[in-house]
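Next comes input-v5.txt, with compact mmCIF, C-alpha atoms and all ligand atoms.
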# COMPACT_ATOMS: atom_id res chain seq x y z
CA MET A 40 58.61 19.50 123.27
CA ILE A 41 59.52 18.15 126.70
CA TYR A 42 57.93 20.73 128.98
CA LEU A 43 59.83 21.24 132.24
CA ASP A 44 58.72 24.79 133.07
CA ASN A 45 55.72 23.90 135.21
CA ALA A 46 56.77 26.26 138.01
CA ALA A 47 56.13 29.16 135.62
CA THR A 48 52.83 27.78 134.40
CA SER A 49 51.66 24.20 134.02
CA TYR A 50 51.37 22.56 130.62
CA PRO A 51 49.46 20.70 129.36
CA LYS A 52 46.16 21.08 131.21
CA PRO A 53 43.75 18.19 131.74
CA LYS A 54 41.49 17.56 128.73
CA SER A 55 38.43 18.43 130.83
CA VAL A 56 39.84 21.95 131.41
CA TYR A 57 39.97 22.67 127.68
CA GLU A 58 36.56 21.12 127.05
CA LYS A 59 34.66 22.77 129.90
CA MET A 60 36.16 26.19 129.18
CA LEU A 61 35.13 25.96 125.55
CA SER A 62 31.69 24.74 126.51
CA CYS A 63 31.33 27.69 128.91
CA MET A 64 32.40 30.16 126.21
CA LYS A 65 30.02 28.67 123.66
CA LYS A 66 26.98 27.88 125.77
CA TYR A 67 26.45 30.15 128.75
CA CYS A 68 29.20 32.73 129.17
CA ALA A 69 27.01 35.68 130.20
CA ASN A 70 27.95 38.09 132.99
CA PRO A 71 27.94 36.27 136.37
CA GLY A 72 26.02 38.04 139.13
CA ARG A 73 24.96 40.85 136.82
CA GLY A 74 21.56 39.73 135.53
CA GLY A 75 18.55 37.55 136.19
CA HIS A 76 18.38 35.72 132.89
CA LYS A 77 19.21 32.02 132.52
CA MET A 78 22.66 32.43 131.01
CA ALA A 79 23.79 34.95 133.65
CA LEU A 80 22.53 32.59 136.35
CA ASP A 81 24.41 29.67 134.78
CA SER A 82 27.61 31.73 134.75
CA GLY A 83 27.04 32.70 138.38
CA ARG A 84 26.45 29.07 139.34
CA ALA A 85 29.61 27.95 137.55
CA ILE A 86 31.64 30.48 139.57
CA LEU A 87 29.97 29.41 142.80
CA LYS A 88 30.76 25.79 141.99
CA THR A 89 34.48 26.60 141.62
CA ARG A 90 34.41 28.61 144.85
CA GLN A 91 33.12 25.50 146.61
CA ILE A 92 35.68 23.25 144.90
CA VAL A 93 38.52 25.59 145.97
CA ALA A 94 37.13 25.81 149.51
CA ASP A 95 36.90 22.02 149.85
CA PHE A 96 40.39 21.59 148.42
CA PHE A 97 41.99 23.82 151.10
CA ASN A 98 39.53 23.02 153.90
CA ILE A 99 38.14 26.56 153.87
CA LYS A 100 34.83 26.60 155.73
CA ASN A 101 33.17 29.51 153.95
CA PRO A 102 33.66 29.56 150.15
CA MET A 103 32.64 33.22 150.11
CA GLN A 104 35.99 34.05 151.70
CA ILE A 105 37.68 33.12 148.42
CA VAL A 106 38.27 36.05 146.11
CA PHE A 107 39.07 35.35 142.48
CA THR A 108 41.93 37.31 140.94
CA LYS A 109 43.81 37.25 137.67
CA ASN A 110 46.96 35.67 139.15
CA ALA A 111 48.87 35.19 142.40
CA THR A 112 50.52 38.62 142.16
CA GLU A 113 47.17 40.38 142.27
CA ALA A 114 46.08 38.25 145.23
CA ILE A 115 49.31 39.02 147.14
CA ASN A 116 48.96 42.75 146.46
CA ILE A 117 45.33 42.78 147.64
CA ALA A 118 46.36 41.05 150.86
CA ILE A 119 49.47 43.10 151.64
CA LYS A 120 48.03 46.49 150.72
CA GLY A 121 44.70 45.65 152.28
CA VAL A 122 45.90 44.93 155.81
CA LEU A 123 49.03 47.04 156.32
CA LYS A 124 48.95 50.55 157.67
CA GLU A 125 51.62 53.21 158.06
CA GLY A 126 54.22 52.19 160.65
CA ASP A 127 53.47 48.44 160.61
CA HIS A 128 56.29 45.90 160.67
CA VAL A 129 56.36 42.86 158.34
CA ILE A 130 58.50 39.72 158.40
CA ILE A 131 59.27 37.82 155.20
CA THR A 132 61.67 35.01 154.26
CA CYS A 133 64.82 35.21 152.14
CA MET A 134 63.17 33.14 149.38
CA GLU A 135 60.26 35.41 148.46
CA HIS A 136 59.24 36.21 144.90
CA ASN A 137 59.19 39.80 143.61
CA SER A 138 55.39 39.67 143.84
CA VAL A 139 55.88 39.80 147.63
CA ILE A 140 59.05 41.89 147.77
CA ARG A 141 58.03 44.67 145.40
CA PRO A 142 54.70 45.63 147.04
CA LEU A 143 56.42 45.61 150.43
CA LYS A 144 59.44 47.60 149.22
CA SER A 145 57.14 50.20 147.67
CA MET A 146 55.20 50.43 150.95
CA GLU A 147 58.47 50.73 152.86
CA LYS A 148 59.23 53.78 150.72
CA ASP A 149 55.76 55.34 150.55
CA LYS A 150 53.99 54.23 153.73
CA ASN A 151 56.87 53.98 156.16
CA ILE A 152 56.34 50.31 156.92
CA GLN A 153 59.27 48.32 158.31
CA LEU A 154 60.50 45.11 156.73
CA SER A 155 62.56 42.27 158.21
CA ILE A 156 63.93 39.54 155.95
CA VAL A 157 64.70 36.29 157.75
CA LYS A 158 67.81 34.57 156.43
CA GLY A 159 68.09 30.86 155.65
CA ASN A 160 70.85 28.31 155.08
CA GLU A 161 72.54 27.73 151.71
CA PHE A 162 69.32 26.18 150.33
CA GLY A 163 67.14 28.96 151.74
CA GLU A 164 65.75 26.76 154.51
CA ILE A 165 64.37 28.88 157.33
CA ASP A 166 64.48 28.13 161.02
CA ALA A 167 61.06 29.21 162.34
CA GLU A 168 62.83 30.30 165.55
CA ASP A 169 64.43 33.08 163.49
CA ILE A 170 60.94 34.38 162.72
CA LYS A 171 60.37 34.63 166.47
CA LYS A 172 63.63 36.56 166.88
CA SER A 173 62.51 39.10 164.27
CA LEU A 174 59.21 39.90 166.01
CA LYS A 175 58.64 43.50 167.15
CA GLU A 176 55.93 45.31 169.06
CA ASN A 177 54.47 46.57 165.78
CA THR A 178 54.72 43.34 163.76
CA LYS A 179 51.45 43.07 161.87
CA LEU A 180 52.15 40.46 159.23
CA ILE A 181 54.35 37.46 158.42
CA VAL A 182 54.55 36.52 154.74
CA SER A 183 56.05 33.28 153.51
CA THR A 184 56.16 31.41 150.30
CA LEU A 185 54.99 27.80 150.68
CA SER A 186 57.98 26.78 148.62
CA SER A 187 60.61 28.53 146.54
CA ASN A 188 60.09 28.97 142.81
CA VAL A 189 63.87 28.98 142.37
CA ASN A 190 64.90 25.68 143.96
CA GLY A 191 61.66 24.16 145.29
CA ILE A 192 62.67 24.34 148.95
CA ILE A 193 59.62 23.99 151.23
CA MET A 194 59.19 26.45 154.10
CA PRO A 195 58.19 25.55 157.69
CA VAL A 196 54.76 27.05 157.15
CA LYS A 197 53.12 25.12 159.99
CA GLU A 198 55.64 26.41 162.53
CA MET A 199 55.32 29.97 161.23
CA GLY A 200 51.53 29.73 161.43
CA THR A 201 51.78 28.62 165.05
CA ILE A 202 54.04 31.56 165.92
CA ALA A 203 51.71 34.00 164.15
CA LYS A 204 48.68 32.60 165.98
CA GLU A 205 50.39 32.71 169.39
CA LYS A 206 51.38 36.34 168.86
CA GLY A 207 48.12 37.47 167.22
CA ILE A 208 49.91 38.40 163.99
CA LEU A 209 48.46 37.89 160.52
CA PHE A 210 50.00 35.11 158.44
CA LEU A 211 49.92 35.32 154.63
CA VAL A 212 51.10 32.34 152.59
CA ASP A 213 52.08 32.62 148.94
CA ALA A 214 51.11 29.14 147.77
CA SER A 215 52.16 29.71 144.16
CA GLN A 216 54.60 26.82 144.32
CA GLY A 217 53.12 23.75 145.95
CA ALA A 218 49.36 24.25 145.73
CA GLY A 219 48.21 21.19 143.80
CA CYS A 220 50.89 18.81 145.08
CA ILE A 221 51.31 19.73 148.76
CA LYS A 222 48.21 19.20 150.89
CA ILE A 223 47.14 22.51 152.43
CA ASP A 224 44.63 22.79 155.25
CA VAL A 225 44.37 26.49 156.07
CA ASN A 226 43.03 25.74 159.55
CA LYS A 227 45.67 23.20 160.54
CA LEU A 228 48.41 25.51 159.27
CA ASN A 229 46.89 28.61 160.95
CA ILE A 230 46.88 30.48 157.65
CA ASP A 231 45.02 33.81 157.77
CA MET A 232 45.37 34.66 154.11
CA MET A 233 46.57 32.59 151.20
CA ALA A 234 47.32 33.71 147.65
CA PHE A 235 47.55 31.20 144.83
CA PRO A 236 47.58 31.16 141.04
CA GLY A 237 45.17 28.95 139.15
CA HIS A 238 47.54 28.37 136.26
CA LYS A 239 50.36 26.46 137.93
CA GLY A 240 49.90 23.32 140.04
CA LEU A 241 46.11 23.69 140.16
CA LEU A 242 46.10 23.04 136.39
CA GLY A 243 43.73 25.88 135.48
CA PRO A 244 44.30 28.46 132.73
CA GLN A 245 46.37 31.64 132.85
CA GLY A 246 44.44 34.68 134.03
CA THR A 247 43.23 32.89 137.14
CA GLY A 248 44.23 33.06 140.78
CA ALA A 249 42.64 33.63 144.15
CA LEU A 250 43.05 35.01 147.63
CA TYR A 251 41.63 33.35 150.72
CA VAL A 252 40.94 35.71 153.62
CA LYS A 253 39.94 34.24 156.97
CA GLU A 254 36.59 35.43 158.27
CA GLY A 255 36.84 38.50 160.50
CA ILE A 256 40.03 39.98 159.02
CA LYS A 257 39.64 43.67 158.29
CA ILE A 258 40.85 44.41 154.81
CA THR A 259 40.69 47.54 152.68
CA PRO A 260 40.01 46.89 149.00
CA MET A 261 42.78 47.82 146.56
CA MET A 262 40.18 48.36 143.86
CA THR A 263 36.52 49.34 144.07
CA GLY A 264 33.71 49.32 141.53
CA GLY A 265 30.73 47.35 140.30
CA THR A 266 30.01 44.09 142.05
CA GLY A 267 26.46 43.38 140.90
CA SER A 268 25.38 43.78 144.55
CA SER A 269 24.15 46.78 146.63
CA SER A 270 24.05 48.82 143.43
CA GLU A 271 22.11 51.63 145.14
CA SER A 272 25.18 52.43 147.24
CA PHE A 273 28.09 54.61 146.13
CA MET A 274 30.29 52.72 148.56
CA GLN A 275 31.95 49.33 148.12
CA PRO A 276 29.95 46.49 149.76
CA GLU A 277 31.66 45.10 152.86
CA ILE A 278 30.55 41.52 152.35
CA PHE A 279 32.86 38.85 150.93
CA PRO A 280 33.77 38.22 148.18
CA ASP A 281 32.23 41.41 146.73
CA ILE A 282 34.43 43.71 148.82
CA LEU A 283 37.50 42.52 146.90
CA GLU A 284 35.95 41.37 143.63
CA SER A 285 35.03 44.40 141.51
CA GLY A 286 34.33 44.06 137.82
CA THR A 287 33.36 41.12 135.64
CA LEU A 288 35.10 37.90 136.59
CA ASN A 289 36.96 35.56 134.23
CA THR A 290 34.14 33.01 134.07
CA PRO A 291 35.68 30.58 131.53
CA GLY A 292 39.00 30.75 133.39
CA ILE A 293 37.38 30.10 136.75
CA VAL A 294 35.44 27.17 135.25
CA GLY A 295 38.79 25.83 134.00
CA LEU A 296 40.34 26.27 137.43
CA GLY A 297 37.51 24.27 139.00
CA CYS A 298 38.09 21.48 136.45
CA GLY A 299 41.83 21.53 137.15
CA ILE A 300 41.21 20.96 140.85
CA GLU A 301 38.63 18.27 140.15
CA PHE A 302 41.24 16.51 138.01
CA ILE A 303 43.75 16.67 140.91
CA ASN A 304 41.09 15.23 143.23
CA SER A 305 40.39 12.42 140.79
CA ILE A 306 44.09 11.45 140.62
CA GLY A 307 44.77 12.15 144.31
CA ILE A 308 47.11 14.93 145.42
CA GLU A 309 49.37 12.38 147.17
CA ASN A 310 49.81 10.47 143.91
CA ILE A 311 50.73 13.66 142.05
CA ASN A 312 53.24 14.48 144.78
CA LYS A 313 54.75 10.99 144.66
CA SER A 314 55.04 10.99 140.88
CA LYS A 315 56.67 14.45 140.85
CA HIS A 316 59.13 13.39 143.51
CA ARG A 317 60.11 10.22 141.77
CA LEU A 318 61.10 12.37 138.78
CA VAL A 319 62.77 15.07 140.90
CA LYS A 320 64.86 12.41 142.62
CA ILE A 321 66.01 10.94 139.30
CA ILE A 322 67.00 14.37 137.99
CA TYR A 323 68.81 15.17 141.23
CA GLU A 324 70.70 11.89 141.44
CA GLU A 325 71.82 11.85 137.82
CA LEU A 326 72.85 15.51 137.80
CA ALA A 327 74.77 14.98 141.04
CA GLU A 328 76.94 12.44 139.19
CA LEU A 329 78.12 15.05 136.67
CA LYS A 330 81.40 16.60 137.81
CA ASN A 331 80.79 20.04 136.32
CA VAL A 332 77.30 20.52 137.80
CA LYS A 333 76.41 22.41 140.97
CA LEU A 334 72.99 21.66 142.43
CA TYR A 335 71.03 24.19 144.51
CA SER A 336 68.01 22.03 145.42
CA LYS A 337 67.28 19.15 147.74
CA SER A 338 65.59 16.02 146.44
CA ASP A 339 63.79 14.98 149.64
CA ILE A 340 59.99 14.82 149.18
CA LEU A 341 59.48 16.92 152.30
CA LYS A 342 61.92 19.58 151.11
CA ASN A 343 61.10 20.07 147.45
CA SER A 344 57.87 21.02 145.68
CA GLY A 345 59.10 19.88 142.25
CA SER A 346 61.95 22.10 140.99
CA ILE A 347 65.63 21.37 140.51
CA ALA A 348 68.01 24.32 140.25
CA PHE A 349 71.52 23.81 138.91
CA ASN A 350 74.38 25.31 136.92
CA PHE A 351 77.22 23.96 134.83
CA ASP A 352 80.54 25.38 136.09
CA GLY A 353 81.48 28.54 134.22
CA VAL A 354 78.48 28.50 131.88
CA GLU A 355 75.66 31.06 131.90
CA SER A 356 72.34 29.55 132.97
CA THR A 357 70.65 31.29 130.04
CA GLU A 358 73.00 29.60 127.59
CA VAL A 359 72.15 26.14 128.94
CA SER A 360 68.43 26.87 128.82
CA TYR A 361 68.82 28.22 125.27
CA VAL A 362 70.59 25.05 124.10
CA LEU A 363 67.99 22.86 125.81
CA ASP A 364 65.28 24.67 123.90
CA LYS A 365 66.87 25.20 120.49
CA VAL A 366 68.90 21.99 120.14
CA TYR A 367 66.97 19.50 122.27
CA ASN A 368 63.42 20.87 122.36
CA VAL A 369 63.27 20.94 126.17
CA ALA A 370 61.53 23.86 127.93
CA SER A 371 63.38 24.98 131.07
CA ARG A 372 63.86 28.37 132.71
CA ALA A 373 67.08 30.24 133.42
CA GLY A 374 68.06 33.51 135.07
CA LEU A 375 66.71 34.98 138.28
CA HIS A 376 63.09 33.78 138.09
CA CYS A 377 61.77 37.12 139.52
CA SER A 378 63.43 36.19 142.81
CA PRO A 379 66.65 38.17 143.39
CA LEU A 380 66.39 37.63 147.13
CA ALA A 381 66.44 33.86 146.68
CA HIS A 382 69.42 34.11 144.35
CA ASN A 383 71.26 36.25 146.92
CA THR A 384 70.64 33.42 149.36
CA LEU A 385 71.85 30.73 146.96
CA LYS A 386 74.77 32.99 145.92
CA THR A 387 73.69 32.79 142.29
CA ILE A 388 72.71 36.43 141.82
CA ASN A 389 75.38 36.91 139.13
CA THR A 390 74.71 33.72 137.20
CA GLY A 391 71.09 32.82 137.83
CA THR A 392 70.31 29.09 137.72
CA VAL A 393 68.80 26.64 135.29
CA ARG A 394 65.47 25.36 136.60
CA LEU A 395 63.76 22.14 135.60
CA SER A 396 60.29 22.07 137.12
CA VAL A 397 58.24 18.92 136.77
CA GLY A 398 54.48 18.74 136.52
CA CYS A 399 51.93 16.02 136.97
CA PHE A 400 52.00 15.09 133.27
CA ASN A 401 55.76 14.54 132.96
CA ASN A 402 56.89 10.96 132.68
CA PHE A 403 60.00 8.85 133.24
CA GLU A 404 60.94 8.74 129.53
CA GLU A 405 60.90 12.53 129.23
CA ILE A 406 63.15 12.86 132.26
CA LYS A 407 65.56 10.19 131.04
CA MET A 408 65.74 11.89 127.65
CA THR A 409 66.39 15.30 129.24
CA LEU A 410 69.15 13.82 131.39
CA LYS A 411 70.74 12.29 128.31
CA PHE A 412 70.76 15.76 126.71
CA LEU A 413 72.24 17.29 129.85
CA ARG A 414 75.01 14.68 129.86
CA GLU A 415 75.78 15.63 126.26
CA ILE A 416 75.93 19.30 127.25
CA SER A 417 78.17 18.42 130.19
CA GLU A 418 80.57 16.50 127.93
CA SER A 419 80.64 19.25 125.34
CA ILE A 420 81.63 21.74 128.06
CA ASN A 421 84.35 19.37 129.29
CA ASN A 422 85.74 19.11 125.77
CA VAL A 423 86.07 22.86 125.23
C1 LIG A 501 56.53 31.92 144.54
C2 LIG A 501 55.76 32.71 143.53
N1 LIG A 501 54.99 33.73 143.94
C3 LIG A 501 54.28 34.46 143.09
C4 LIG A 501 54.30 34.22 141.74
C5 LIG A 501 53.48 35.06 140.82
O1 LIG A 501 52.50 34.29 140.22
P1 LIG A 501 51.57 34.91 139.07
O2 LIG A 501 52.41 34.96 137.86
O3 LIG A 501 50.40 33.99 138.98
O4 LIG A 501 51.18 36.25 139.52
C6 LIG A 501 55.10 33.18 141.25
C7 LIG A 501 55.20 32.91 139.81
O5 LIG A 501 56.08 32.26 139.32
C8 LIG A 501 55.83 32.39 142.16
O6 LIG A 501 56.58 31.37 141.77
What does the file become when written as structure tokens?
Amino acid sequence: MIYLDNAATSYPKPKSVYEKMLSCMKKYCANPGRGGHKMALDSGRAILKTRQIVADFFNIKNPMQIVFTKNATEAINIAIKGVLKEGDHVIITCMEHNSVIRPLKSMEKDKNIQLSIVKGNEFGEIDAEDIKKSLKENTKLIVSTLSSNVNGIIMPVKEMGTIAKEKGILFLVDASQGAGCIKIDVNKLNIDMMAFPGHKGLLGPQGTGALYVKEGIKITPMMTGGTGSSSESFMQPEIFPDILESGTLNTPGIVGLGCGIEFINSIGIENINKSKHRLVKIIYEELAELKNVKLYSKSDILKNSGSIAFNFDGVESTEVSYVLDKVYNVASRAGLHCSPLAHNTLKTINTGTVRLSVGCFNNFEEIKMTLKFLREISESINNV
């Protein structure tokens, strides 16, 4: 199969990810932080090692400020529900995923928070000045995706971070799309909290993700329970990461996540970015030549994290994706991609879009082959 659904989850993973996860499962997968015996200590050390790898990767000074979660959604929920109080105002962009919209919409209903959604242009590009215009006295939080999972458009995160810092407002970045190919320095970008999955661009397994919380931010845990620390107390420890990390962690998954990031470091994030963009550009340019195709993405390296969204005139996106899979053995994704807001922006809410999302293991031949198939589909539509 030609796998072009890397925005949903990356495939394949580096060989080292499979090997180290299996080795962890077979050799030392005891409960990390919950015992003094050798295997428990080895598990604990493996987790600590990944914490350090993640911290180095995003220039996070204190690795203890990284909280492991089961995916990006959990990390986003912990952040949003942990810092917002009744009556707070939040600003988000028009390209957010349901994992941002739904927690906020439920808080709007139940906790009386206020929500402003900043509009973008026809690609969902935001002018950071519009964030400024949406600020209110009670604005507590700005949330932005690093890049859209629908069309890959990259957000002006640096500018938003500067505004948030100037105004003393918290800034949460959903780095689900872009972590692993876009260089992120949480300090340079003034990011207060950052949620990211381990299973997409970071090349780790499913069931992994994390939340970074800047030191000093007051956050209420969404979940409490056993942490292996301060066990004499009935109350949740206040130290990081224990405050937000109750229950046994996914040790093999976290080991795999660490290996995924080490693999990215060994290749060089810039090289992964370049390779993805070479392929994105080819897809964009060849699709743009087809008369019955409408493109919803940009191909510029600074404007696209690796996804191309398109439709054939008058054809359901799901039908195209179905044919790609069943007839041509190409994995793509169609529909609304859990992002109705983004599809409202792109004016594709009724049709959805077909998404081809490239990963660091895709090559030129796979892309050329997929484009050949898409030309065949285009001609077959023309002949109907
Ligand atoms: C922009 C964005 N945010 C959040 C998520 C949710 O990620 P997860 O499935 O790891 O919770 C996704 C998943 O596709 C995404 O693309």
Query raised in the report: Counting all atoms listed in the file, which of A:Lys109, A:Lys150, A:Lys179, A:Arg317 gets nearest to ligand LIG 501 (chain A)?
Result: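 Comparing A:Lys109, A:Lys150, A:Lys179, A:Arg317 against ligand LIG 501 (chain A), the winner is A:Lys109.
Counting all atoms listed in the file and comparing A:Met134, A:Met78, A:Leu395, A:Ala111, the residue that lies closest to Pro236 (chain A) is A:Ala111.
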Requested in this report: Residues up to 8 Å from ligand LIG 501 (chain A), counting only C-alpha atoms and all ligand atoms: could you list those as a ChimeraX atom specification?
Outcome: /A:46-48,109-115,135-139,184-189,213-216,235-239,245-248,376-377
Report task. Considering only C-alpha atoms, state which residue in the set A:Met103, A:Ile131, A:Leu288, A:Leu123 is at the smallest distance from Ala381 (chain A). Result ->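 Result for the nearest residue to Ala381 (chain A): A:Ile131.
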Query raised in the report: Hey, can you check how far CA of Thr132 (chain A) sits from CA of Gln104 (chain A)?
Result: 25.8 Å
Query raised in the report: Which one of A:Phe279, A:Tyr323, A:Phe412, A:Phe351 sits closest to Asp364 (chain A) if you count only C-alpha atoms?
Result: A:Phe412
**Report entry** From A:Ile202, A:Val366, A:Val359, A:Ala348, residue lying nearest Thr387 (chain A) [all atoms listed in the file]
**Finding:**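 Closest residue, counting all atoms listed in the file: A:Ala348.
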Query raised in the report: For the atom pair CA of Ile192 (chain A) and CA of Ser360 (chain A), what is the interatomic distance in Å to one decimal place?
Result: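 Computed distance, CA of Ile192 (chain A) to CA of Ser360 (chain A), equals 21.1 Å.
With all atoms listed in the file as the atoms that count, the minimum distance from Met194 (chain A) to the choices A:Arg73, A:Asn343, A:Asn177, A:Asn226 is reached by A:Asn343.
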Query raised in the report: Can you tell me how far CA of Lys253 (chain A) sits from CA of Phe273 (chain A), in Å to one decimal?
Result: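 We find that CA of Lys253 (chain A) and CA of Phe273 (chain A) lie 25.9 Å from each other.
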Report task. Anything within 7 Å of (42.3, 33.7, 153.0): list those residues as a PyMOL selection string, counting all atoms listed in the file and sticking to the file's coordinates. Result -> chain A and resi 104-105+231-233+250-253
At most 12 Å is the cut-off: for each residue in region 205-296 of chain A with any atom that close to an atom of region 154-175 of chain A, write down the nearest atom pair and the distance in Å rounded to one decimal, counting all atoms listed in the file, chain first then increasing number, as a tab-separated table.
residue	atom	partner	partner_atom	distance
A:Glu205	CA	A:Lys171	CA	10.6
A:Lys206	CA	A:Leu174	CA	9.1
A:Gly207	CA	A:Leu174	CA	11.4
A:Ile208	CA	A:Leu174	CA	9.6
A:Phe210	CA	A:Ile170	CA	11.8
